[in-house]
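Asker: Structure file work-v5.cif, mmCIF, C-alpha atoms, is pasted below:
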```cif
data_my_file
#
loop_
_atom_site.label_atom_id
_atom_site.label_comp_id
_atom_site.auth_asym_id
_atom_site.auth_seq_id
_atom_site.Cartn_x
_atom_site.Cartn_y
_atom_site.Cartn_z
CA MET A 1125 115.09 78.75 87.75
CA PHE A 1126 118.46 80.50 87.81
CA LEU A 1127 118.89 79.88 84.08
CA GLN A 1128 115.33 80.94 83.39
CA GLN A 1129 115.82 84.26 85.17
CA THR A 1130 119.23 84.80 83.53
CA PHE A 1131 117.89 84.59 80.00
CA VAL A 1132 114.85 86.70 80.87
CA ALA A 1133 117.08 89.42 82.34
CA LEU A 1134 119.38 89.25 79.31
CA GLY A 1135 116.51 89.61 76.87
CA ARG A 1136 114.87 92.47 78.72
CA ALA A 1137 118.08 94.45 79.33
CA LEU A 1138 119.62 94.05 75.88
CA PRO A 1139 117.67 96.91 74.19
CA ALA A 1140 118.94 99.35 76.83
CA VAL A 1141 122.54 98.16 76.63
CA ILE A 1142 122.72 98.48 72.84
CA ALA A 1143 120.44 101.53 72.79
CA PRO A 1144 123.12 103.88 71.34
CA ALA A 1145 123.36 101.72 68.20
CA ILE A 1146 119.57 101.46 67.88
CA ILE A 1147 119.14 105.21 68.37
CA THR A 1148 121.78 106.00 65.75
CA ASP A 1149 120.45 103.50 63.20
CA LEU A 1150 116.78 104.44 63.56
CA ARG A 1151 117.45 108.14 64.30
CA LEU A 1152 115.46 108.16 67.53
CA ASP A 1153 115.43 110.66 70.39
CA PRO A 1154 117.10 109.15 73.52
CA ALA A 1155 113.99 110.07 75.53
CA TRP A 1156 112.15 107.28 73.66
CA ILE A 1157 114.15 104.73 75.67
CA GLY A 1158 111.99 105.62 78.66
CA VAL A 1159 108.84 105.24 76.57
CA TYR A 1160 109.92 101.76 75.40
CA PHE A 1161 110.58 100.58 78.94
CA GLY A 1162 107.40 102.27 80.12
CA LEU A 1163 105.46 100.07 77.70
CA THR A 1164 107.24 96.97 78.97
CA ALA A 1165 106.32 97.92 82.53
CA LEU A 1166 102.66 98.50 81.63
CA SER A 1167 102.48 95.09 79.98
CA ALA A 1168 104.25 93.51 82.95
CA LEU A 1169 101.77 95.11 85.34
CA VAL A 1170 98.80 93.46 83.63
CA ALA A 1171 100.58 90.11 83.21
CA GLN A 1172 101.68 89.85 86.83
CA LEU A 1173 98.26 90.70 88.20
CA GLY A 1174 96.61 87.98 86.14
CA CYS A 1175 99.22 85.21 86.11
CA GLY A 1176 98.23 83.39 89.31
CA SER A 1177 95.55 81.13 87.82
CA PHE A 1178 97.73 80.22 84.84
CA ILE A 1179 100.59 79.15 87.12
CA VAL A 1180 98.25 76.92 89.13
CA ARG A 1181 96.59 75.47 86.01
CA LEU A 1182 99.67 74.87 83.85
CA GLY A 1183 102.39 74.42 86.47
CA ALA A 1184 105.24 76.77 87.34
CA LEU A 1185 107.74 75.10 85.04
CA ARG A 1186 105.42 75.06 82.01
CA PHE A 1187 104.62 78.70 82.61
CA SER A 1188 108.35 79.43 82.72
CA GLN A 1189 108.69 77.80 79.30
CA ILE A 1190 105.85 79.92 77.93
CA SER A 1191 107.51 83.02 79.33
CA LEU A 1192 110.79 82.23 77.56
CA ALA A 1193 109.06 81.37 74.28
CA LEU A 1194 107.16 84.66 74.23
CA LEU A 1195 110.31 86.55 75.13
CA ALA A 1196 112.03 84.97 72.13
CA VAL A 1197 109.20 86.15 69.87
CA GLY A 1198 109.24 89.67 71.28
CA THR A 1199 113.01 90.01 71.01
CA ALA A 1200 112.96 88.82 67.40
CA LEU A 1201 110.25 91.35 66.57
CA ALA A 1202 112.46 94.20 67.81
CA ALA A 1203 115.05 93.26 65.19
CA LEU A 1204 112.63 94.45 62.49
CA GLY A 1205 113.23 98.00 63.67
CA THR A 1206 109.84 99.43 62.63
CA PRO A 1207 107.81 101.52 65.10
CA LEU A 1208 105.02 98.92 65.24
CA ALA A 1209 107.51 96.07 65.75
CA LEU A 1210 109.21 97.94 68.61
CA ILE A 1211 105.87 98.62 70.29
CA LEU A 1212 104.84 94.97 70.00
CA SER A 1213 108.27 93.90 71.21
CA ALA A 1214 107.98 96.08 74.32
CA ILE A 1215 104.52 94.71 75.12
CA ILE A 1216 105.40 91.04 74.55
CA CYS A 1217 108.79 91.16 76.28
CA GLY A 1218 107.38 93.11 79.21
CA GLY A 1219 104.57 90.66 79.90
CA ALA A 1220 106.57 87.52 79.17
CA GLY A 1221 109.56 88.51 81.26
CA ALA A 1222 107.47 89.71 84.18
CA VAL A 1223 105.67 86.41 84.85
CA SER A 1224 108.92 84.47 85.14
CA THR A 1225 109.49 85.65 88.72
CA PRO A 1226 106.06 84.65 90.11
CA ALA A 1227 106.46 81.25 88.43
CA SER A 1228 109.89 80.64 89.94
CA SER A 1229 108.74 81.90 93.35
CA HIS A 1230 105.80 79.48 93.27
CA LEU A 1231 108.11 76.57 92.47
CA LEU A 1232 110.92 77.34 94.92
CA SER A 1233 108.62 78.12 97.84
CA ARG A 1234 107.45 74.49 97.69
CA TRP A 1235 110.97 73.10 98.00
CA SER A 1236 112.70 75.56 100.35
CA SER A 1237 112.93 75.75 104.14
CA PRO A 1238 110.94 78.80 105.36
CA ARG A 1239 113.89 79.98 107.44
CA TYR A 1240 116.22 80.13 104.46
CA LEU A 1241 113.79 81.60 101.95
CA PRO A 1242 115.65 84.96 101.84
CA LEU A 1243 118.91 83.15 101.01
CA VAL A 1244 117.35 80.74 98.48
CA PHE A 1245 115.45 83.50 96.71
CA SER A 1246 118.53 85.74 96.72
CA ILE A 1247 120.61 83.00 95.09
CA LYS A 1248 117.92 82.53 92.45
CA GLN A 1249 117.66 86.28 91.88
CA THR A 1250 121.41 86.58 91.27
CA ALA A 1251 120.36 85.43 87.82
CA VAL A 1252 119.12 88.96 87.10
CA PRO A 1253 122.55 90.63 87.48
CA ALA A 1254 124.04 87.60 85.70
CA GLY A 1255 121.77 88.34 82.75
CA LEU A 1256 122.60 92.04 82.92
CA LEU A 1257 126.29 91.13 83.08
CA LEU A 1258 125.99 89.06 79.91
CA ALA A 1259 124.09 91.87 78.23
CA GLY A 1260 126.73 94.43 79.22
CA VAL A 1261 129.68 92.30 78.12
CA LEU A 1262 128.28 90.68 74.99
CA GLY A 1263 125.71 93.21 73.77
CA PRO A 1264 127.96 96.10 72.67
CA GLN A 1265 130.68 93.76 71.37
CA LEU A 1266 128.29 91.63 69.31
CA THR A 1267 126.62 94.79 68.04
CA GLU A 1268 129.97 96.02 66.73
CA TRP A 1269 130.64 92.70 65.02
CA MET A 1270 127.19 91.73 63.76
CA GLY A 1271 124.93 94.75 64.11
CA TRP A 1272 122.19 95.29 66.69
CA ARG A 1273 119.54 93.34 64.75
CA ALA A 1274 121.60 90.14 64.66
CA THR A 1275 122.39 90.57 68.36
CA MET A 1276 118.68 90.68 69.19
CA LEU A 1277 118.02 87.58 67.07
CA LEU A 1278 120.82 85.70 68.85
CA SER A 1279 119.24 86.51 72.21
CA ALA A 1280 115.88 85.24 70.94
CA ALA A 1281 117.48 81.98 69.82
CA ALA A 1282 119.06 81.46 73.26
CA CYS A 1283 115.64 81.76 74.93
CA ALA A 1284 114.15 79.25 72.50
CA VAL A 1285 116.90 76.71 73.22
CA LEU A 1286 116.31 77.00 76.98
CA VAL A 1287 112.61 76.23 76.48
CA LEU A 1288 113.60 72.82 75.09
CA MET A 1289 116.18 72.24 77.85
CA LEU A 1290 113.55 72.69 80.56
CA GLN A 1291 111.08 70.20 79.09
CA PRO A 1292 112.43 67.02 80.81
CA LEU A 1293 112.04 68.65 84.25
CA ARG A 1294 108.34 69.31 83.91
CA ARG A 1295 107.20 65.91 85.14
CA ILE A 1296 109.18 66.47 88.35
CA PHE A 1297 108.23 70.04 89.25
CA ASP A 1298 104.70 70.47 87.88
CA THR A 1299 103.10 67.75 90.02
CA ASP A 1300 101.07 70.34 91.96
CA ARG A 1301 99.27 71.84 88.98
CA VAL A 1302 95.46 71.95 88.97
CA PRO A 1303 94.23 71.44 85.36
CA THR A 1304 90.69 72.45 86.30
CA ARG A 1305 91.72 75.90 87.54
CA ALA A 1306 90.24 78.53 85.20
CA PHE A 1307 91.26 82.12 84.64
CA ARG A 1308 88.63 84.74 85.47
CA MET A 1309 88.70 88.49 85.03
CA SER A 1310 87.96 88.74 88.76
CA ASP A 1311 91.45 87.31 89.39
CA PHE A 1312 92.87 90.81 88.95
CA ARG A 1313 90.63 92.19 91.70
CA THR A 1314 91.18 89.18 93.96
CA THR A 1315 94.95 89.51 93.77
CA LEU A 1316 94.87 93.23 94.50
CA THR A 1317 92.47 92.70 97.40
CA VAL A 1318 94.69 90.10 99.04
CA VAL A 1319 97.80 92.26 98.61
CA LEU A 1320 96.30 95.52 99.85
CA ALA A 1321 94.29 94.00 102.71
CA ALA A 1322 97.37 92.75 104.58
CA PRO A 1323 99.53 95.56 106.07
CA GLY A 1324 102.71 93.53 105.61
CA LEU A 1325 102.04 92.85 101.94
CA ARG A 1326 100.94 96.44 101.40
CA ALA A 1327 104.26 97.77 102.73
CA LEU A 1328 106.17 95.32 100.53
CA SER A 1329 104.16 96.50 97.51
CA PHE A 1330 105.11 100.15 98.02
CA ALA A 1331 108.75 99.17 98.58
CA CYS A 1332 108.67 97.17 95.35
CA LEU A 1333 107.28 100.19 93.50
CA ALA A 1334 110.15 102.41 94.59
CA PHE A 1335 112.91 99.82 94.19
CA ASN A 1336 111.83 98.45 90.82
CA GLY A 1337 111.25 101.92 89.44
CA LEU A 1338 114.78 103.02 90.27
CA GLN A 1339 116.18 99.76 88.91
CA ALA A 1340 114.33 100.32 85.63
CA VAL A 1341 115.83 103.82 85.34
CA VAL A 1342 119.35 102.55 86.05
CA THR A 1343 119.02 99.69 83.56
CA ALA A 1344 117.53 101.89 80.84
CA TYR A 1345 119.85 104.89 81.09
CA PHE A 1346 123.14 103.72 82.62
CA VAL A 1347 125.02 103.08 79.35
CA THR A 1348 123.50 106.01 77.47
CA TYR A 1349 124.32 108.38 80.36
CA LEU A 1350 127.97 107.31 80.43
CA THR A 1351 128.30 107.85 76.67
CA THR A 1352 127.23 111.48 77.20
CA ILE A 1353 130.13 112.10 79.60
CA GLY A 1354 132.81 110.74 77.29
CA TYR A 1355 132.71 106.93 77.46
CA THR A 1356 132.54 104.86 74.29
CA PRO A 1357 129.57 102.43 74.04
CA VAL A 1358 131.90 99.45 74.57
CA ALA A 1359 133.59 101.07 77.58
CA ALA A 1360 130.22 102.07 79.04
CA GLY A 1361 128.89 98.55 78.50
CA PHE A 1362 131.96 97.08 80.18
CA LEU A 1363 131.62 99.40 83.18
CA PHE A 1364 127.93 98.46 83.36
CA SER A 1365 128.81 94.76 83.39
CA VAL A 1366 131.49 95.25 86.09
CA ALA A 1367 129.06 97.17 88.28
CA VAL A 1368 126.28 94.63 87.76
CA ALA A 1369 128.67 91.80 88.68
CA VAL A 1370 128.75 93.26 92.20
CA ALA A 1371 125.03 92.54 92.52
CA VAL A 1372 125.65 88.77 92.27
CA PRO A 1373 127.54 88.37 95.58
CA GLY A 1374 125.57 91.34 96.93
CA ARG A 1375 122.23 89.58 96.63
CA ILE A 1376 123.57 86.44 98.26
CA LEU A 1377 125.16 88.48 101.07
CA TRP A 1378 121.96 90.42 101.78
CA GLY A 1379 119.95 87.18 101.70
CA TRP A 1380 122.36 85.51 104.14
CA ILE A 1381 122.28 88.49 106.50
CA GLY A 1382 118.49 88.68 106.25
CA SER A 1383 118.19 84.97 107.03
CA SER A 1384 120.63 84.85 109.93
CA PHE A 1385 121.38 88.18 111.60
CA VAL A 1386 118.86 90.98 111.03
CA SER A 1387 115.21 91.11 110.07
CA PRO A 1388 114.46 91.25 106.34
CA ARG A 1389 112.54 94.51 106.85
CA LEU A 1390 115.57 96.21 108.42
CA MET A 1391 117.71 94.87 105.60
CA MET A 1392 115.34 96.41 103.06
CA ALA A 1393 115.43 99.76 104.88
CA GLY A 1394 119.22 99.84 104.66
CA LEU A 1395 119.13 98.97 100.96
CA ALA A 1396 116.53 101.68 100.32
CA LEU A 1397 118.65 104.40 101.90
CA GLY A 1398 121.76 103.09 100.14
CA MET A 1399 120.22 103.12 96.68
CA ALA A 1400 118.88 106.66 97.12
CA ALA A 1401 122.32 107.92 98.18
CA SER A 1402 124.22 106.10 95.43
CA ALA A 1403 121.76 107.29 92.75
CA ALA A 1404 122.40 110.88 93.84
CA LEU A 1405 126.18 110.35 93.70
CA PHE A 1406 125.92 108.76 90.26
CA ALA A 1407 123.95 111.78 89.07
CA PHE A 1408 126.94 114.03 89.79
CA SER A 1409 129.39 111.91 87.77
CA SER A 1410 131.17 113.90 85.09
CA ALA A 1411 133.89 113.62 82.47
CA GLY A 1412 136.40 114.97 85.00
CA TRP A 1413 135.88 112.08 87.41
CA PRO A 1414 138.42 109.23 87.38
CA THR A 1415 137.03 106.03 85.90
CA LEU A 1416 137.76 104.22 89.17
CA LEU A 1417 135.59 106.66 91.12
CA VAL A 1418 132.72 106.40 88.64
CA GLY A 1419 133.06 102.62 88.84
CA LEU A 1420 132.91 102.62 92.65
CA VAL A 1421 129.75 104.73 92.63
CA ALA A 1422 128.25 102.47 89.97
CA CYS A 1423 129.09 99.41 92.08
CA ALA A 1424 127.39 100.96 95.11
CA LEU A 1425 124.33 101.65 92.98
CA SER A 1426 124.34 98.07 91.72
CA ALA A 1427 124.80 96.59 95.21
CA THR A 1428 121.63 98.36 96.36
CA ALA A 1429 119.28 99.23 93.49
CA LEU A 1430 119.93 95.90 91.73
CA SER A 1431 120.23 93.66 94.81
CA TRP A 1432 117.00 93.89 96.83
CA HIS A 1433 114.93 91.20 95.09
CA GLY A 1434 115.64 88.09 97.14
CA ILE A 1435 114.81 89.74 100.46
CA LEU A 1436 111.55 91.24 99.21
CA LEU A 1437 110.40 88.13 97.34
CA ALA A 1438 111.10 85.87 100.31
CA GLU A 1439 109.10 88.14 102.62
CA THR A 1440 106.28 88.14 100.07
CA ALA A 1441 106.21 84.34 99.80
CA ARG A 1442 106.32 84.04 103.60
CA ALA A 1443 103.35 86.39 104.03
CA SER A 1444 101.25 84.84 101.21
CA PRO A 1445 98.55 82.14 101.48
CA GLU A 1446 100.12 78.80 100.54
CA ASP A 1447 97.94 78.25 97.46
CA MET A 1448 98.38 81.81 96.21
CA ARG A 1449 102.13 82.37 96.46
CA GLY A 1450 102.61 82.78 92.73
CA GLY A 1451 99.60 85.05 92.34
CA VAL A 1452 100.35 87.18 95.40
CA THR A 1453 103.98 87.49 94.35
CA GLY A 1454 102.70 88.71 90.99
CA GLY A 1455 100.43 91.17 92.79
CA VAL A 1456 103.27 92.65 94.83
CA LEU A 1457 105.50 92.76 91.77
CA SER A 1458 102.74 94.50 89.81
CA PHE A 1459 103.29 97.51 92.08
CA GLY A 1460 106.93 97.26 91.07
CA GLN A 1461 105.81 97.49 87.46
CA VAL A 1462 103.90 100.66 88.31
CA GLY A 1463 107.24 102.05 89.44
CA ALA A 1464 108.99 100.68 86.36
CA LEU A 1465 106.32 102.37 84.24
CA ALA A 1466 106.22 105.70 86.04
CA LEU A 1467 109.85 106.41 86.93
CA PRO A 1468 111.39 105.94 83.44
CA LEU A 1469 108.66 108.22 82.05
CA ILE A 1470 109.38 110.77 84.78
CA TYR A 1471 113.08 110.47 83.95
CA SER A 1472 112.32 110.99 80.25
CA GLY A 1473 110.25 114.06 81.10
CA PHE A 1474 113.07 115.65 83.10
CA LEU A 1475 115.57 114.74 80.37
CA ASP A 1476 113.38 116.30 77.71
CA GLN A 1477 112.79 119.49 79.70
CA THR A 1478 116.26 120.02 81.17
CA GLY A 1479 118.63 118.09 78.92
CA SER A 1480 120.29 116.76 82.08
CA TYR A 1481 120.67 113.05 82.77
CA GLY A 1482 121.70 113.63 86.39
CA ILE A 1483 118.53 115.32 87.63
CA GLY A 1484 116.45 112.29 86.68
CA PHE A 1485 118.58 109.95 88.81
CA ILE A 1486 118.16 112.20 91.86
CA VAL A 1487 114.39 112.52 91.42
CA CYS A 1488 113.90 108.80 90.85
CA GLY A 1489 115.84 108.01 94.02
CA ILE A 1490 113.45 109.99 96.23
CA PRO A 1491 110.76 107.23 96.50
CA ALA A 1492 113.40 104.77 97.74
CA LEU A 1493 114.54 107.32 100.32
CA LEU A 1494 110.95 107.67 101.58
CA VAL A 1495 110.52 103.89 101.75
CA GLY A 1496 113.70 103.58 103.80
CA PHE A 1497 112.48 106.08 106.37
CA LEU A 1498 109.02 104.44 106.38
CA LEU A 1499 110.44 100.97 107.08
CA LEU A 1500 112.63 102.31 109.87
CA ARG A 1501 109.65 104.12 111.39
CA GLN A 1502 107.51 100.96 111.24
CA ARG A 1503 110.28 99.02 112.94
CA ALA A 1504 110.57 101.65 115.70
CA LEU A 1505 106.81 101.63 116.27
CA ALA A 1506 106.76 97.83 116.38
CA ARG A 1507 109.53 97.77 118.99
#
```
Can you give me the file's structure in the form of structure tokens?
Answerer:
Amino acid sequence: MFLQQTFVALGRALPAVIAPAIITDLRLDPAWIGVYFGLTALSALVAQLGCGSFIVRLGALRFSQISLALLAVGTALAALGTPLALILSAIICGGAGAVSTPASSHLLSRWSSPRYLPLVFSIKQTAVPAGLLLAGVLGPQLTEWMGWRATMLLSAAACAVLVLMLQPLRRIFDTDRVPTRAFRMSDFRTTLTVVLAAPGLRALSFACLAFNGLQAVVTAYFVTYLTTIGYTPVAAGFLFSVAVAVAVPGRILWGWIGSSFVSPRLMMAGLALGMAASAALFAFSSAGWPTLLVGLVACALSATALSWHGILLAETARASPEDMRGGVTGGVLSFGQVGALALPLIYSGFLDQTGSYGIGFIVCGIPALLVGFLLLRQRALAR
């Protein structure tokens, strides 16, 4: 599941990391980056709401293979560079990448001790910064050597190879599948009802909206923003990869703390306040700032806005009905896709109207700030 998530994160982040080359080659407005990732979020929203029955019917591992195969197709389509191909790529990659997390959550929740779910899920979710790290290190360099189209095709090929590597494991991990389970359109409503009816799941859904939205903004605009304040694409990509690397031990650390010392909800509140503060600091970065200082702020942003997943997913699995963990996880994450759809579009709107990259980071950090205060208030009321 770590490898599955790594290649999904790599494929989904690559267009943002090599965006300067794509923009220059196709003569696009930078604001269209937000539109592209808005489409991926919209597709992900639909896919995550309806994936529960497919996971139960096909098995979590088979569904992971399907996710990777579709991601390979979508990434290859982007290499065509036409408007229609880019739209189809955003839709396919968004939906395919989004269902990988519910599938892996369904599988791991069967094999993990409930007490250590935050740690186990955090270890698995370190694959996301690992994928972003690979994208930041390899994407700009390969683009310089081979061009952005060949880089996209290479990423698609890597996903296809992993599909074949996972095949021998299916007979071990898909023993709980129910071949008679059928998909129904009512599954969308059922999933939403279960998520919104439980106060705990409802709070997690709103937290996911704020956190995932800010993460989408950071992923989409980090490299492009740094190039506007004097960094070369390769230097910006390297700084992105260094910052993202912090999220790997960060996720494990937060998962360990949330499993052993403090409640996961309190851990999420601290992360929410931290990501709002670091997003505001990053917004004020300028060409006059030392690279070390920009890097420290970027690392703080990565350690919060890119490191919350394990805690939230473990709490979701713990609060879900046993036979609906994959579907309910998808339902909670679908709210995250609402954030990933809305916040990049909001960022694009502020960028288009003001020409400032910094204002968008501040505005998109406000929902996380509100979630942090809300979680602290709920904890105080509970005590």
Asker: Every residue with an atom at most 10 Å from (103.5, 97.0, 81.5) (file coordinates; all atoms listed in the file) is what I'm after, so could you write them as a PyMOL selection string?
Answerer: chain A and resi 1161-1172+1214-1219+1222+1458+1461-1462+1464-1465
Asker: Could you name the residues that touch region 1355-1358 of chain A at 10 Å or less, counting all atoms listed in the file, but leaving out those on the same chain fewer than 2 positions away, as a JSON list (two decimals) with C-alpha atoms, in the frame of the given file?
Answerer:
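The resulting file, result-v3.json, is shown below:
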```
[["chain", "number", "residue", "atom", "x", "y", "z"],
["A", 1141, "VAL", "CA", 122.54, 98.16, 76.63],
["A", 1142, "ILE", "CA", 122.72, 98.48, 72.84],
["A", 1143, "ALA", "CA", 120.44, 101.53, 72.79],
["A", 1144, "PRO", "CA", 123.12, 103.88, 71.34],
["A", 1145, "ALA", "CA", 123.36, 101.72, 68.20],
["A", 1260, "GLY", "CA", 126.73, 94.43, 79.22],
["A", 1261, "VAL", "CA", 129.68, 92.30, 78.12],
["A", 1262, "LEU", "CA", 128.28, 90.68, 74.99],
["A", 1263, "GLY", "CA", 125.71, 93.21, 73.77],
["A", 1264, "PRO", "CA", 127.96, 96.10, 72.67],
["A", 1265, "GLN", "CA", 130.68, 93.76, 71.37],
["A", 1267, "THR", "CA", 126.62, 94.79, 68.04],
["A", 1268, "GLU", "CA", 129.97, 96.02, 66.73],
["A", 1347, "VAL", "CA", 125.02, 103.08, 79.35],
["A", 1348, "THR", "CA", 123.50, 106.01, 77.47],
["A", 1349, "TYR", "CA", 124.32, 108.38, 80.36],
["A", 1350, "LEU", "CA", 127.97, 107.31, 80.43],
["A", 1351, "THR", "CA", 128.30, 107.85, 76.67],
["A", 1352, "THR", "CA", 127.23, 111.48, 77.20],
["A", 1353, "ILE", "CA", 130.13, 112.10, 79.60],
["A", 1360, "ALA", "CA", 130.22, 102.07, 79.04],
["A", 1361, "GLY", "CA", 128.89, 98.55, 78.50],
["A", 1362, "PHE", "CA", 131.96, 97.08, 80.18],
["A", 1363, "LEU", "CA", 131.62, 99.40, 83.18],
["A", 1364, "PHE", "CA", 127.93, 98.46, 83.36],
["A", 1411, "ALA", "CA", 133.89, 113.62, 82.47],
["A", 1415, "THR", "CA", 137.03, 106.03, 85.90]]
```
Asker: By how many Å are CA of Ala1137 (chain A) and CA of Gly1174 (chain A) apart?
Answerer: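 Pair CA of Ala1137 (chain A) / CA of Gly1174 (chain A) returns 23.4 Å.
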Asker: Using 12 Å as the limit and counting all atoms listed in the file, can you tabulate each residue of region 1213-1263 of chain A that touches region 1429-1439 of chain A, with its shortest atom-to-atom distance in Å and the two atoms involved, as CSV?
Answerer:
```
residue,atom,partner,partner_atom,distance
A:Thr1225,CA,A:Leu1437,CA,9.0
A:Pro1226,CA,A:Leu1437,CA,9.1
A:Ala1227,CA,A:Leu1437,CA,11.9
A:Ser1228,CA,A:Leu1437,CA,10.5
A:Ser1229,CA,A:Leu1437,CA,7.6
A:His1230,CA,A:Leu1437,CA,10.6
A:Leu1232,CA,A:Ala1438,CA,10.1
A:Ser1233,CA,A:Ala1438,CA,8.5
A:Ser1236,CA,A:Ala1438,CA,10.4
A:Ser1237,CA,A:Ala1438,CA,11.0
A:Pro1238,CA,A:Ala1438,CA,8.7
A:Arg1239,CA,A:Ala1438,CA,9.7
A:Tyr1240,CA,A:Ala1438,CA,8.7
A:Leu1241,CA,A:Ala1438,CA,5.3
A:Pro1242,CA,A:Ala1438,CA,4.9
A:Leu1243,CA,A:Gly1434,CA,7.1
A:Val1244,CA,A:Gly1434,CA,7.7
A:Phe1245,CA,A:Gly1434,CA,4.6
A:Ser1246,CA,A:Gly1434,CA,3.7
A:Ile1247,CA,A:Gly1434,CA,7.4
A:Lys1248,CA,A:Gly1434,CA,7.6
A:Gln1249,CA,A:Gly1434,CA,5.9
A:Thr1250,CA,A:Ser1431,CA,8.0
A:Ala1251,CA,A:His1433,CA,10.8
A:Val1252,CA,A:Leu1430,CA,8.4
A:Pro1253,CA,A:Leu1430,CA,7.3
A:Ala1254,CA,A:Leu1430,CA,11.1
A:Gly1255,CA,A:Leu1430,CA,11.9
A:Leu1256,CA,A:Leu1430,CA,10.0
A:Leu1257,CA,A:Leu1430,CA,11.7
```
Asker: Those same residues, written as a PDB file, in the coordinates of the input with C-alpha atoms?
Answerer:
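Just written: again-v6.pdb:
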```pdb
ATOM      1  CA  THR A1225     109.490  85.650  88.720  1.00  0.00           C
ATOM      2  CA  PRO A1226     106.060  84.650  90.110  1.00  0.00           C
ATOM      3  CA  ALA A1227     106.460  81.250  88.430  1.00  0.00           C
ATOM      4  CA  SER A1228     109.890  80.640  89.940  1.00  0.00           C
ATOM      5  CA  SER A1229     108.740  81.900  93.350  1.00  0.00           C
ATOM      6  CA  HIS A1230     105.800  79.480  93.270  1.00  0.00           C
ATOM      7  CA  LEU A1232     110.920  77.340  94.920  1.00  0.00           C
ATOM      8  CA  SER A1233     108.620  78.120  97.840  1.00  0.00           C
ATOM      9  CA  SER A1236     112.700  75.560 100.350  1.00  0.00           C
ATOM     10  CA  SER A1237     112.930  75.750 104.140  1.00  0.00           C
ATOM     11  CA  PRO A1238     110.940  78.800 105.360  1.00  0.00           C
ATOM     12  CA  ARG A1239     113.890  79.980 107.440  1.00  0.00           C
ATOM     13  CA  TYR A1240     116.220  80.130 104.460  1.00  0.00           C
ATOM     14  CA  LEU A1241     113.790  81.600 101.950  1.00  0.00           C
ATOM     15  CA  PRO A1242     115.650  84.960 101.840  1.00  0.00           C
ATOM     16  CA  LEU A1243     118.910  83.150 101.010  1.00  0.00           C
ATOM     17  CA  VAL A1244     117.350  80.740  98.480  1.00  0.00           C
ATOM     18  CA  PHE A1245     115.450  83.500  96.710  1.00  0.00           C
ATOM     19  CA  SER A1246     118.530  85.740  96.720  1.00  0.00           C
ATOM     20  CA  ILE A1247     120.610  83.000  95.090  1.00  0.00           C
ATOM     21  CA  LYS A1248     117.920  82.530  92.450  1.00  0.00           C
ATOM     22  CA  GLN A1249     117.660  86.280  91.880  1.00  0.00           C
ATOM     23  CA  THR A1250     121.410  86.580  91.270  1.00  0.00           C
ATOM     24  CA  ALA A1251     120.360  85.430  87.820  1.00  0.00           C
ATOM     25  CA  VAL A1252     119.120  88.960  87.100  1.00  0.00           C
ATOM     26  CA  PRO A1253     122.550  90.630  87.480  1.00  0.00           C
ATOM     27  CA  ALA A1254     124.040  87.600  85.700  1.00  0.00           C
ATOM     28  CA  GLY A1255     121.770  88.340  82.750  1.00  0.00           C
ATOM     29  CA  LEU A1256     122.600  92.040  82.920  1.00  0.00           C
ATOM     30  CA  LEU A1257     126.290  91.130  83.080  1.00  0.00           C
TER      31      LEU A1257
END
```
Asker: Which neighbours of Gln1291 (chain A) fall inside 12 Å, counting all atoms listed in the file, when residues of the same chain fewer than 3 positions from it are skipped, and could you give them as a tab-separated table (two decimals) with C-alpha atoms, in the coordinates of the input?
Answerer:
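Final output, out.tsv:
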```
chain	number	residue	atom	x	y	z
A	1185	LEU	CA	107.74	75.10	85.04
A	1186	ARG	CA	105.42	75.06	82.01
A	1187	PHE	CA	104.62	78.70	82.61
A	1188	SER	CA	108.35	79.43	82.72
A	1189	GLN	CA	108.69	77.80	79.30
A	1190	ILE	CA	105.85	79.92	77.93
A	1284	ALA	CA	114.15	79.25	72.50
A	1285	VAL	CA	116.90	76.71	73.22
A	1286	LEU	CA	116.31	77.00	76.98
A	1287	VAL	CA	112.61	76.23	76.48
A	1288	LEU	CA	113.60	72.82	75.09
A	1294	ARG	CA	108.34	69.31	83.91
A	1295	ARG	CA	107.20	65.91	85.14
A	1296	ILE	CA	109.18	66.47	88.35
A	1297	PHE	CA	108.23	70.04	89.25
A	1298	ASP	CA	104.70	70.47	87.88
```
Asker: Hey, what's within 7 Å of Ala1220 (chain A) if we count all atoms listed in the file and toss same-chain stuff fewer than 5 positions away? As a list in words, please?
Answerer: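 What passes the distance filter is Ser1191, Leu1192, Leu1194 and Leu1195 of chain A.
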Asker: As a check of understanding, name the residues that the PyMOL selection byres ((chain A and resi 1333-1342) around 7) selects in the supplied structure, as a VMD selection string.
Answerer: chain A and resid 1329 to 1332 1343 to 1346 1429 to 1430 1459 to 1464 1467 to 1468 1488 to 1489 1491 to 1492
Asker: Taking the file as shown, what set of residues would the PyMOL selection byres ((chain A and resi 1483) around 9) give back, as a ChimeraX atom specification?
Answerer: /A:1404,1407-1408,1471,1474-1475,1478,1480-1482,1484-1488
Asker: Near Gly1419 (chain A), within 12 Å and counting only C-alpha atoms, which residues show up once chain neighbours fewer than 2 positions away are dropped, as a list in words?
Answerer: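 Close residues of Gly1419 (chain A): Phe1346, Leu1350, Ala1359, Ala1360, Gly1361, Phe1362, Leu1363, Phe1364, Ser1365, Val1366, Ala1367, Val1368, Ala1369, Val1370, Ser1402, Leu1405, Phe1406, Ser1409, Trp1413, Pro1414, Thr1415, Leu1416, Leu1417, Val1421, Ala1422, Cys1423, Ala1424, Leu1425 and Ser1426 of chain A.
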Asker: Do you have the CA of Asp1300 (chain A)-CA of Met1125 (chain A) distance handy?
Answerer: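 Interatomic distance here is 16.9 Å.
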